[in-house]
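One file, final26.cif, is given below (mmCIF, C-alpha atoms).
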```
data_work
#
loop_
_atom_site.group_PDB
_atom_site.id
_atom_site.type_symbol
_atom_site.label_atom_id
_atom_site.label_comp_id
_atom_site.auth_asym_id
_atom_site.auth_seq_id
_atom_site.Cartn_x
_atom_site.Cartn_y
_atom_site.Cartn_z
ATOM 1 C CA VAL A 1 58.663 81.832 128.396
ATOM 2 C CA LYS A 2 60.844 82.535 131.422
ATOM 3 C CA ARG A 3 62.107 85.970 132.478
ATOM 4 C CA PRO A 4 64.681 86.237 135.281
ATOM 5 C CA PRO A 5 64.680 89.363 137.470
ATOM 6 C CA ILE A 6 66.693 92.396 136.387
ATOM 7 C CA GLN A 7 70.338 92.099 137.380
ATOM 8 C CA ALA A 8 72.679 94.292 135.350
ATOM 9 C CA TRP A 9 75.573 91.850 135.448
ATOM 10 C CA ARG A 10 73.336 89.196 133.882
ATOM 11 C CA GLU A 11 72.401 91.270 130.844
ATOM 12 C CA PRO A 12 74.669 91.044 127.794
ATOM 13 C CA ARG A 13 76.358 94.028 126.248
ATOM 14 C CA ALA A 14 78.685 94.574 123.308
ATOM 15 C CA LEU A 15 81.865 92.459 123.473
ATOM 16 C CA ASP A 16 80.483 90.050 126.084
ATOM 17 C CA ARG A 17 81.090 86.406 125.262
ATOM 18 C CA VAL A 18 77.684 84.753 125.371
ATOM 19 C CA VAL A 19 76.774 81.078 125.550
ATOM 20 C CA VAL A 20 73.490 80.227 123.842
ATOM 21 C CA ARG A 21 71.648 76.951 123.448
ATOM 22 C CA GLY A 22 68.298 75.990 122.024
ATOM 23 C CA PHE A 23 66.540 74.954 118.845
ATOM 24 C CA LEU A 24 65.501 76.885 115.777
ATOM 25 C CA GLY A 25 63.369 75.279 113.095
ATOM 26 C CA ASN A 26 59.830 74.245 112.340
ATOM 27 C CA VAL A 27 59.787 71.527 114.992
ATOM 28 C CA ASP A 28 57.982 71.774 118.317
ATOM 29 C CA TYR A 29 60.463 70.565 120.918
ATOM 30 C CA GLY A 30 58.431 71.580 123.928
ATOM 31 C CA PRO A 31 60.097 73.106 127.000
ATOM 32 C CA LEU A 32 63.872 73.424 126.919
ATOM 33 C CA SER A 33 65.605 70.987 129.258
ATOM 34 C CA GLU A 34 69.086 69.815 130.138
ATOM 35 C CA ASP A 35 68.654 66.842 127.811
ATOM 36 C CA TRP A 36 68.728 67.563 124.112
ATOM 37 C CA PRO A 37 65.919 66.117 122.004
ATOM 38 C CA ASP A 38 66.546 63.371 119.494
ATOM 39 C CA PRO A 39 69.417 64.663 117.290
ATOM 40 C CA SER A 40 67.875 62.896 114.291
ATOM 41 C CA LEU A 41 65.119 65.545 114.149
ATOM 42 C CA THR A 42 65.269 67.988 111.256
ATOM 43 C CA ALA A 43 66.342 71.123 113.128
ATOM 44 C CA PRO A 44 69.785 70.849 114.779
ATOM 45 C CA PRO A 45 70.303 72.343 118.220
ATOM 46 C CA ILE A 46 71.770 75.812 118.570
ATOM 47 C CA LYS A 47 74.726 75.741 120.891
ATOM 48 C CA GLY A 48 77.936 77.661 121.130
ATOM 49 C CA GLN A 49 79.529 80.871 122.265
ATOM 50 C CA TRP A 50 80.599 84.070 120.548
ATOM 51 C CA ARG A 51 81.427 87.682 121.290
ATOM 52 C CA LEU A 52 78.440 89.996 120.792
ATOM 53 C CA ASP A 53 78.762 92.725 118.183
ATOM 54 C CA GLU A 54 82.099 91.272 117.129
ATOM 55 C CA ASP A 55 82.214 87.642 115.973
ATOM 56 C CA THR A 56 80.582 86.438 112.762
ATOM 57 C CA GLU A 57 80.866 82.741 113.705
ATOM 58 C CA ASN A 58 80.335 80.873 116.950
ATOM 59 C CA GLY A 59 82.898 78.651 118.614
ATOM 60 C CA GLU A 60 81.852 75.731 116.410
ATOM 61 C CA GLY A 61 82.467 77.700 113.214
ATOM 62 C CA ARG A 62 78.798 78.225 112.365
ATOM 63 C CA PRO A 63 77.708 81.618 111.013
ATOM 64 C CA ILE A 64 75.814 83.762 113.499
ATOM 65 C CA SER A 65 72.414 84.888 112.317
ATOM 66 C CA ALA A 66 71.907 88.647 112.662
ATOM 67 C CA GLY A 67 68.392 87.923 113.863
ATOM 68 C CA LEU A 68 69.623 85.522 116.538
ATOM 69 C CA GLU A 69 72.167 88.036 117.791
ATOM 70 C CA GLU A 70 69.525 90.762 118.003
ATOM 71 C CA CYS A 71 67.360 88.427 120.088
ATOM 72 C CA VAL A 72 70.229 87.583 122.421
ATOM 73 C CA LYS A 73 70.992 91.282 122.994
ATOM 74 C CA THR A 74 67.530 91.696 124.546
ATOM 75 C CA MET A 75 67.784 88.684 126.870
ATOM 76 C CA ARG A 76 69.089 88.047 130.375
ATOM 77 C CA VAL A 77 71.229 85.166 131.571
ATOM 78 C CA GLY A 78 68.960 82.221 132.342
ATOM 79 C CA GLU A 79 66.130 83.524 130.175
ATOM 80 C CA VAL A 80 64.361 81.130 127.845
ATOM 81 C CA CYS A 81 62.531 82.707 124.896
ATOM 82 C CA GLU A 82 60.380 81.600 122.040
ATOM 83 C CA VAL A 83 61.805 83.287 118.952
ATOM 84 C CA VAL A 84 60.779 83.769 115.344
ATOM 85 C CA ILE A 85 63.506 84.522 112.811
ATOM 86 C CA GLY A 86 62.224 84.612 109.248
ATOM 87 C CA GLU A 87 60.249 81.430 108.731
ATOM 88 C CA ASP A 88 61.965 79.624 111.589
ATOM 89 C CA ARG A 89 60.498 79.293 115.062
ATOM 90 C CA GLY A 90 62.301 77.958 118.065
ATOM 91 C CA THR A 91 63.273 78.186 121.708
ATOM 92 C CA ILE A 92 66.609 79.552 122.874
ATOM 93 C CA GLU A 93 68.260 80.199 126.221
ATOM 94 C CA LEU A 94 70.995 82.676 127.091
ATOM 95 C CA ALA A 95 72.839 80.195 129.257
ATOM 96 C CA GLN A 96 75.921 82.102 130.376
ATOM 97 C CA LEU A 97 78.244 85.088 130.024
ATOM 98 C CA LEU A 98 81.818 83.815 129.909
ATOM 99 C CA GLU A 99 84.121 85.775 132.174
ATOM 100 C CA ASP A 100 87.832 85.932 132.815
ATOM 101 C CA PRO A 101 90.049 88.845 133.897
ATOM 102 C CA ASP A 102 90.879 89.977 130.357
ATOM 103 C CA GLN A 103 87.276 89.627 129.189
ATOM 104 C CA ALA A 104 85.998 91.677 132.113
ATOM 105 C CA LEU A 105 88.286 94.532 131.098
ATOM 106 C CA ILE A 106 87.393 94.207 127.416
ATOM 107 C CA SER A 107 83.640 94.488 127.970
ATOM 108 C CA HIS A 108 84.018 96.928 130.891
ATOM 109 C CA ARG A 109 81.877 95.401 133.603
ATOM 110 C CA GLY A 110 83.319 97.380 136.476
ATOM 111 C CA ALA A 111 86.277 95.003 136.677
ATOM 112 C CA TRP A 112 88.981 97.627 136.911
ATOM 113 C CA ALA A 113 92.611 96.664 136.715
ATOM 114 C CA GLU A 114 94.399 95.822 139.913
ATOM 115 C CA PRO A 115 97.032 98.361 140.964
ATOM 116 C CA GLY A 116 100.126 97.764 138.885
ATOM 117 C CA ASP A 117 98.325 95.125 136.788
ATOM 118 C CA ALA A 118 99.899 96.325 133.558
ATOM 119 C CA GLU A 119 100.189 92.891 131.968
ATOM 120 C CA ARG A 120 96.447 92.300 132.066
ATOM 121 C CA ARG A 121 95.702 95.780 130.767
ATOM 122 C CA SER A 122 98.263 95.326 127.985
ATOM 123 C CA LYS A 123 96.606 92.103 126.856
ATOM 124 C CA ALA A 124 93.171 93.709 126.848
ATOM 125 C CA VAL A 125 94.407 96.738 124.900
ATOM 126 C CA ASP A 126 96.091 94.448 122.367
ATOM 127 C CA ALA A 127 92.902 92.416 121.949
ATOM 128 C CA LEU A 128 90.743 95.503 121.436
ATOM 129 C CA ARG A 129 93.213 97.080 119.032
ATOM 130 C CA ALA A 130 93.303 93.859 117.002
ATOM 131 C CA MET A 131 89.492 93.948 116.785
ATOM 132 C CA GLY A 132 89.649 97.556 115.637
ATOM 133 C CA ASN A 133 92.258 96.714 113.019
ATOM 134 C CA THR A 134 90.065 93.938 111.633
ATOM 135 C CA HIS A 135 87.091 96.283 111.269
ATOM 136 C CA LEU A 136 89.313 98.987 109.787
ATOM 137 C CA LYS A 137 90.476 96.587 107.067
ATOM 138 C CA LYS A 138 86.864 95.626 106.353
ATOM 139 C CA GLY A 139 85.839 99.278 106.085
ATOM 140 C CA ASP A 140 83.554 99.192 109.131
ATOM 141 C CA LEU A 141 84.969 102.468 110.424
ATOM 142 C CA GLN A 142 82.449 103.188 113.184
ATOM 143 C CA LYS A 143 82.970 99.793 114.782
ATOM 144 C CA ALA A 144 86.747 100.173 114.428
ATOM 145 C CA ILE A 145 86.604 103.530 116.210
ATOM 146 C CA ARG A 146 84.513 102.039 119.037
ATOM 147 C CA ARG A 147 87.093 99.307 119.576
ATOM 148 C CA TYR A 148 89.961 101.816 119.644
ATOM 149 C CA ASP A 149 87.943 103.974 122.039
ATOM 150 C CA ARG A 150 87.604 101.054 124.419
ATOM 151 C CA ALA A 151 91.301 100.178 124.059
ATOM 152 C CA LEU A 152 92.230 103.686 125.174
ATOM 153 C CA GLU A 153 89.815 103.515 128.105
ATOM 154 C CA VAL A 154 91.483 100.320 129.308
ATOM 155 C CA ALA A 155 94.948 101.818 128.818
ATOM 156 C CA ASP A 156 94.007 104.841 130.916
ATOM 157 C CA ASP A 157 92.618 102.713 133.751
ATOM 158 C CA GLY A 158 95.485 102.404 136.207
ATOM 159 C CA GLY A 159 93.363 100.922 138.956
ATOM 160 C CA GLY A 160 94.167 103.831 141.248
ATOM 161 C CA ASP A 161 97.853 102.924 141.281
ATOM 162 C CA ASP A 162 99.847 106.064 142.054
ATOM 163 C CA GLY A 163 103.138 104.295 141.544
ATOM 164 C CA ASP A 164 104.340 104.311 145.147
ATOM 165 C CA ASN A 165 103.322 100.768 146.082
ATOM 166 C CA TYR A 166 106.987 99.793 145.853
ATOM 167 C CA LEU A 167 107.488 101.610 149.182
ATOM 168 C CA MET A 168 105.636 98.759 150.874
ATOM 169 C CA GLU A 169 108.523 96.402 150.110
ATOM 170 C CA GLU A 170 110.746 95.673 153.102
ATOM 171 C CA SER A 171 114.209 95.960 151.581
ATOM 172 C CA GLU A 172 115.717 98.636 149.360
ATOM 173 C CA ASP A 173 116.532 96.067 146.682
ATOM 174 C CA ALA A 174 112.923 94.838 146.668
ATOM 175 C CA GLN A 175 111.690 98.421 146.433
ATOM 176 C CA GLN A 176 113.909 99.109 143.435
ATOM 177 C CA ALA A 177 112.828 95.908 141.709
ATOM 178 C CA SER A 178 109.156 96.650 142.356
ATOM 179 C CA LYS A 179 109.488 100.223 141.108
ATOM 180 C CA ALA A 180 111.323 99.061 137.977
ATOM 181 C CA ALA A 181 108.585 96.510 137.250
ATOM 182 C CA TYR A 182 105.922 99.180 137.710
ATOM 183 C CA GLU A 183 107.677 101.594 135.353
ATOM 184 C CA ALA A 184 108.212 98.856 132.750
ATOM 185 C CA GLY A 185 104.568 97.859 132.886
ATOM 186 C CA LYS A 186 103.447 101.469 132.625
ATOM 187 C CA GLU A 187 105.653 101.959 129.560
ATOM 188 C CA ALA A 188 104.287 98.788 127.940
ATOM 189 C CA VAL A 189 100.704 100.014 128.330
ATOM 190 C CA LYS A 190 101.723 103.437 126.999
ATOM 191 C CA ARG A 191 103.209 101.917 123.820
ATOM 192 C CA ARG A 192 100.020 99.989 123.163
ATOM 193 C CA SER A 193 97.931 103.077 123.866
ATOM 194 C CA LEU A 194 99.892 105.106 121.309
ATOM 195 C CA ALA A 195 99.436 102.365 118.713
ATOM 196 C CA ALA A 196 95.671 102.284 119.321
ATOM 197 C CA ARG A 197 95.410 106.082 119.121
ATOM 198 C CA ALA A 198 97.414 106.195 115.893
ATOM 199 C CA ASN A 199 95.135 103.589 114.365
ATOM 200 C CA ARG A 200 92.085 105.511 115.547
ATOM 201 C CA ALA A 201 93.472 108.583 113.796
ATOM 202 C CA LEU A 202 93.567 106.620 110.550
ATOM 203 C CA ALA A 203 89.989 105.417 111.076
ATOM 204 C CA HIS A 204 88.834 109.011 111.671
ATOM 205 C CA LEU A 205 90.718 110.139 108.570
ATOM 206 C CA LYS A 206 89.106 107.443 106.408
ATOM 207 C CA ASN A 207 85.749 108.396 107.931
ATOM 208 C CA GLY A 208 86.184 111.990 106.766
ATOM 209 C CA ASP A 209 86.799 113.443 110.238
ATOM 210 C CA ALA A 210 90.093 115.259 109.698
ATOM 211 C CA LEU A 211 89.835 117.215 112.956
ATOM 212 C CA GLN A 212 89.616 114.138 115.183
ATOM 213 C CA ALA A 213 92.399 112.498 113.176
ATOM 214 C CA LYS A 214 94.560 115.584 113.739
ATOM 215 C CA LEU A 215 93.847 115.607 117.489
ATOM 216 C CA ASP A 216 94.774 111.935 117.821
ATOM 217 C CA CYS A 217 97.979 112.401 115.838
ATOM 218 C CA GLU A 218 98.965 115.418 117.920
ATOM 219 C CA ALA A 219 98.373 113.442 121.120
ATOM 220 C CA VAL A 220 100.641 110.652 119.848
ATOM 221 C CA LEU A 221 103.366 113.065 118.730
ATOM 222 C CA GLU A 222 103.385 114.725 122.145
ATOM 223 C CA GLU A 223 104.513 111.394 123.563
ATOM 224 C CA ASP A 224 106.579 110.189 120.616
ATOM 225 C CA GLU A 225 107.937 112.905 118.295
ATOM 226 C CA SER A 226 109.402 110.298 115.973
ATOM 227 C CA HIS A 227 106.087 108.520 115.240
ATOM 228 C CA VAL A 228 106.347 108.405 111.439
ATOM 229 C CA LYS A 229 102.747 107.415 110.666
ATOM 230 C CA CYS A 230 101.267 110.236 112.722
ATOM 231 C CA LYS A 231 103.669 112.759 111.155
ATOM 232 C CA PHE A 232 102.480 111.637 107.730
ATOM 233 C CA ARG A 233 98.813 111.690 108.656
#
```
For the file at hand, write its structure as structure tokens.
Amino acid sequence: VKRPPIQAWREPRALDRVVVRGFLGNVDYGPLSEDWPDPSLTAPPIKGQWRLDEDTENGEGRPISAGLEECVKTMRVGEVCEVVIGEDRGTIELAQLLEDPDQALISHRGAWAEPGDAERRSKAVDALRAMGNTHLKKGDLQKAIRRYDRALEVADDGGGDDGDNYLMEESEDAQQASKAAYEAGKEAVKRRSLAARANRALAHLKNGDALQAKLDCEAVLEEDESHVKCKFR
């Protein structure tokens, strides 16, 4: 119906938070507009946001149709499409990709961490590890491994910070405080990275890949010899 030009940042990818609106049902609503049709009609409007390849419900608590998600993955922001899912026909629009600093890191859209921005990286690693843990519990091992992979990528992204930015501070006390904050942030990211790698080892082990599990455990034990779970695994 309407196809915007190719712009990579406007095309959804896994873990992007998408906003979709439209109508799906055997009712001809005509062209999509800012004003919703009469809500008394038989097919309710589709509206809401969710994280692609991750959430099973949208922000309003409605289940996400696998067919609808597959359609959205092929769209661009601003595109309006006529869709057919099973017996239902409708018109939907990919209205927006929701962005914030943590989300940009999670979905990896070239939004690298700022130098020394350990807090933001820590939050993103925690979020990705939590996603991986959820999939691990459900037995979706491949998806769990992908989430742990991304968590480790974020943890390793230091934004080009070589740790000497504290030298830019004017006083010696300020330099010491800045260096201490940098080291504390670096250690916080490292702890989260080790947790994600240990969990990935378990996912590999459950998936029958003993070699990858062993490599992950060895990498953790190099940093933390007392890591009980990795010793056991």
Extract, using only C-alpha atoms, all DNA, RNA and protein residues at most 7 Å from Leu128 in chain A, discarding same-chain residues fewer than 5 positions from it, and format them as a ChimeraX atom specification.
-> /A:106,147-148,151
Selected residues written out with C-alpha atoms, as a compact mmCIF listing (two decimals), in the frame of the given file:
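Done, and the output landed in selection_8.txt:
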```
# COMPACT_ATOMS: atom_id res chain seq x y z
CA ILE A 106 87.39 94.21 127.42
CA ARG A 147 87.09 99.31 119.58
CA TYR A 148 89.96 101.82 119.64
CA ALA A 151 91.30 100.18 124.06
```
With a distance cut-off of 12 Å and all atoms listed in the file, select the neighbouring residues of Val220 in chain A, excluding the residue or stretch itself and same-chain residues fewer than 3 positions from it, and output the selection as JSON, numbers by chain.
-> {"A": [190, 191, 192, 193, 194, 195, 196, 197, 198, 199, 200, 201, 213, 214, 215, 216, 217, 223, 224, 225, 226, 227, 228, 229, 230, 231, 233]}
What would the list of residues within 8 Å of (70.1, 85.4, 129.1) (file frame) look like as an MDAnalysis selection string, if all atoms listed in the file are what count?
-> chainID A and resid 10:12 72 75:80 93:96
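The coordinates place CA of Glu57 in chain A at 15.1 Å from CA of His135 in chain A.
You can rank A:Val125, A:Ile92, A:Ala219, A:Ala184 by their closest distance to Arg21 in chain A using only C-alpha atoms, and at the top of that list sits A:Ile92.
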Contacts of range 66-71 of chain A at 10 Å or less, counting only C-alpha atoms, minus same-chain residues fewer than 3 places along, as a PyMOL selection string?
-> chain A and resi 18+20+24+50-53+56+63+74-75+81-86+92+94
Now that the selection is made, can you save its residues with C-alpha atoms as a PDB file, in the coordinates of the input?
```pdb
ATOM      1  CA  VAL A  18      77.684  84.753 125.371  1.00  0.00           C
ATOM      2  CA  VAL A  20      73.490  80.227 123.842  1.00  0.00           C
ATOM      3  CA  LEU A  24      65.501  76.885 115.777  1.00  0.00           C
ATOM      4  CA  TRP A  50      80.599  84.070 120.548  1.00  0.00           C
ATOM      5  CA  ARG A  51      81.427  87.682 121.290  1.00  0.00           C
ATOM      6  CA  LEU A  52      78.440  89.996 120.792  1.00  0.00           C
ATOM      7  CA  ASP A  53      78.762  92.725 118.183  1.00  0.00           C
ATOM      8  CA  THR A  56      80.582  86.438 112.762  1.00  0.00           C
ATOM      9  CA  PRO A  63      77.708  81.618 111.013  1.00  0.00           C
ATOM     10  CA  THR A  74      67.530  91.696 124.546  1.00  0.00           C
ATOM     11  CA  MET A  75      67.784  88.684 126.870  1.00  0.00           C
ATOM     12  CA  CYS A  81      62.531  82.707 124.896  1.00  0.00           C
ATOM     13  CA  GLU A  82      60.380  81.600 122.040  1.00  0.00           C
ATOM     14  CA  VAL A  83      61.805  83.287 118.952  1.00  0.00           C
ATOM     15  CA  VAL A  84      60.779  83.769 115.344  1.00  0.00           C
ATOM     16  CA  ILE A  85      63.506  84.522 112.811  1.00  0.00           C
ATOM     17  CA  GLY A  86      62.224  84.612 109.248  1.00  0.00           C
ATOM     18  CA  ILE A  92      66.609  79.552 122.874  1.00  0.00           C
ATOM     19  CA  LEU A  94      70.995  82.676 127.091  1.00  0.00           C
TER      20      LEU A  94
END
```
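Across the model, the gap from CA of Glu54 in chain A to CA of Lys73 in chain A is 12.6 Å.
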